[in-house]
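First up is the structure itself, then whatever we jot down about it.
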Amino acid sequence: MAFTAADVKNLREMTGVGMMDCKKALTASEGDMDKAVEWLREKGMAASAKKAGRIAAEGMALATVVDGVGVVIEVNAETDFVGKNEKFVDFVKGVAATVAKQNPADLDALMECKYEGSDMTVTQQQQEMVLVIGENIKVRRFARFADGVSVPYVHAGGKIGVLVELDTALSAEQVEAVGKDVAMQIAALNPRFLDKSQVTQDVLDEEKKIMMVQMENDPKMASKPEQVREKIVMGKLNKFYAENCLLQQEFVKDNSMSVEQYIAATAKSLGGAITFKNAVRFEKGEGIEKKQENFAEEIAAMVKG
């Protein structure tokens, strides 16, 4: 029986075993998924197969800097309790160090990397953690900044991790405060875009369309010439940028300036230049179906209460 790359991926998700070993298992079992799982268990590689099928939407998001390299990573577990477990936290830090030092191309490559300070791969170390802790654990995603100065921020003990990348000749110590302020703004407001230059034409067209329809439905606006309405739309777009784009947002600690103005003012006060380059925000359990269902249940309970 033949098997596909999708079968290999599915087997990996079921068992937490590395891609190459999953391929070997499917080859040995002639593509039979159940036999492949059995083959892996016999080899001692899938002792956590049953746990791997359970939803992991807790855990933690960690942002950190290792030897000047910034890393933000999300590792999931089944319960919030495990997310605070010292062994679990150490595992997450170890995975982050592996990302920083070995620069894997993607998640699959990371799982095949040697876990820092160990002869085991990240996949094997993850399996060990599943056996020790007794819950499904899954390295979900990561981002890595090797250039410039990275400033990390972790909110609520791992609920949100933000990594900000700044381009500057100033020292990491000098720009730490401004980087953290920007990271905290990202954590709190979760802007849709980092800068207005990232807003695509289709998004702008959709916003303009909505604004034009709103004015057509407003008796006071509907009578105005189209040229006037176009100018009003352009003004409204500036408000859209201010609400949805980080650098154009009002700086939460000082509403007299935008975030980009705050960065520029800070750079001037330090006698140097600071350019915001990039940022990544990971929220624990973000987009995982189970997490969303639980959130809906919590809101329903609050309403009833």
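By convention here, the chains of the structure tokens are called A, B, ... in the order presented, each chain's residues are numbered starting at 1, and ligands are numbered starting at 1 in the order presented.
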
*Just the residues within 7 Å of A:Leu246, please, counting only C-alpha atoms, with nothing from its chain fewer than 4 positions along; format it as an MDAnalysis selection string.*
chainID A and resid 191 193:195 259

For the residues in that selection, give me all heavy atoms as a PDB file, in the first residue's frame.
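Final output, saved to out04.pdb:
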ATOM      1  N   PRO A 191      -2.054  45.000  17.263  1.00  0.00           N
ATOM      2  CA  PRO A 191      -2.352  45.703  16.012  1.00  0.00           C
ATOM      3  C   PRO A 191      -2.390  44.766  14.806  1.00  0.00           C
ATOM      4  O   PRO A 191      -1.629  43.797  14.739  1.00  0.00           O
ATOM      5  CB  PRO A 191      -1.210  46.714  15.886  1.00  0.00           C
ATOM      6  CG  PRO A 191      -0.106  46.156  16.733  1.00  0.00           C
ATOM      7  CD  PRO A 191      -0.779  45.446  17.859  1.00  0.00           C
ATOM      8  N   PHE A 193      -1.591  45.522  11.712  1.00  0.00           N
ATOM      9  CA  PHE A 193      -0.394  45.736  10.902  1.00  0.00           C
ATOM     10  C   PHE A 193       0.658  46.431  11.758  1.00  0.00           C
ATOM     11  O   PHE A 193       0.332  47.109  12.735  1.00  0.00           O
ATOM     12  CB  PHE A 193      -0.707  46.618   9.681  1.00  0.00           C
ATOM     13  CG  PHE A 193      -1.824  46.099   8.816  1.00  0.00           C
ATOM     14  CD1 PHE A 193      -3.118  46.597   8.966  1.00  0.00           C
ATOM     15  CD2 PHE A 193      -1.593  45.124   7.865  1.00  0.00           C
ATOM     16  CE1 PHE A 193      -4.163  46.125   8.173  1.00  0.00           C
ATOM     17  CE2 PHE A 193      -2.626  44.639   7.072  1.00  0.00           C
ATOM     18  CZ  PHE A 193      -3.911  45.144   7.229  1.00  0.00           C
ATOM     19  N   LEU A 194       1.929  46.284  11.372  1.00  0.00           N
ATOM     20  CA  LEU A 194       2.996  46.974  12.089  1.00  0.00           C
ATOM     21  C   LEU A 194       3.162  48.407  11.600  1.00  0.00           C
ATOM     22  O   LEU A 194       3.507  49.295  12.366  1.00  0.00           O
ATOM     23  CB  LEU A 194       4.312  46.197  11.936  1.00  0.00           C
ATOM     24  CG  LEU A 194       4.325  44.799  12.563  1.00  0.00           C
ATOM     25  CD1 LEU A 194       5.635  44.099  12.268  1.00  0.00           C
ATOM     26  CD2 LEU A 194       4.068  44.857  14.071  1.00  0.00           C
ATOM     27  N   ASP A 195       2.924  48.626  10.307  1.00  0.00           N
ATOM     28  CA  ASP A 195       3.070  49.952   9.717  1.00  0.00           C
ATOM     29  C   ASP A 195       2.055  50.112   8.587  1.00  0.00           C
ATOM     30  O   ASP A 195       1.654  49.126   7.962  1.00  0.00           O
ATOM     31  CB  ASP A 195       4.497  50.135   9.185  1.00  0.00           C
ATOM     32  CG  ASP A 195       4.724  51.506   8.581  1.00  0.00           C
ATOM     33  OD1 ASP A 195       4.663  52.491   9.322  1.00  0.00           O
ATOM     34  OD2 ASP A 195       4.939  51.589   7.357  1.00  0.00           O
ATOM     35  N   VAL A 259       3.307  55.943  18.246  1.00  0.00           N
ATOM     36  CA  VAL A 259       4.396  55.041  18.616  1.00  0.00           C
ATOM     37  C   VAL A 259       5.677  55.410  17.868  1.00  0.00           C
ATOM     38  O   VAL A 259       6.765  55.445  18.454  1.00  0.00           O
ATOM     39  CB  VAL A 259       4.012  53.567  18.328  1.00  0.00           C
ATOM     40  CG1 VAL A 259       5.212  52.642  18.506  1.00  0.00           C
ATOM     41  CG2 VAL A 259       2.873  53.132  19.242  1.00  0.00           C
TER      42      VAL A 259
END

*Surrounding residues of stretch 109-118 of chain A excluding itself and chain neighbours under 4 positions, 10 Å, only C-alpha atoms, as a list in words*: Gly16, Val17, Gly18, Met19, Met20, Phe91, Lys93, Gly94, Val95, Ala96, Ala97, Thr98, Val99, Ala100, Lys101, Gln102, Asn103, Pro104, Ala105, Val122, Thr123, Gln124, Gln125, Gln126, Val139, Arg141 and Phe142 of chain A

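Between atom CA of A:Leu189 and atom CA of A:Val252 the separation is 9.5 Å.
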
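The nearest approach to A:His155 among the residues A:Met33, A:Ala188, A:Leu11, A:Ala2, with only C-alpha atoms taken into account, belongs to A:Ala188.
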
_Env of stretch 199-203 of chain A: 12 Å cut, atoms = only C-alpha atoms, seq-sep filter 3 positions within chain, self excluded. Answer as a ChimeraX atom specification._
/A:191-196,206-210,237-238,240-241,244-246

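We find atom CA of A:Gln227 and atom CA of A:Asp205 to be spaced 16.6 Å apart.
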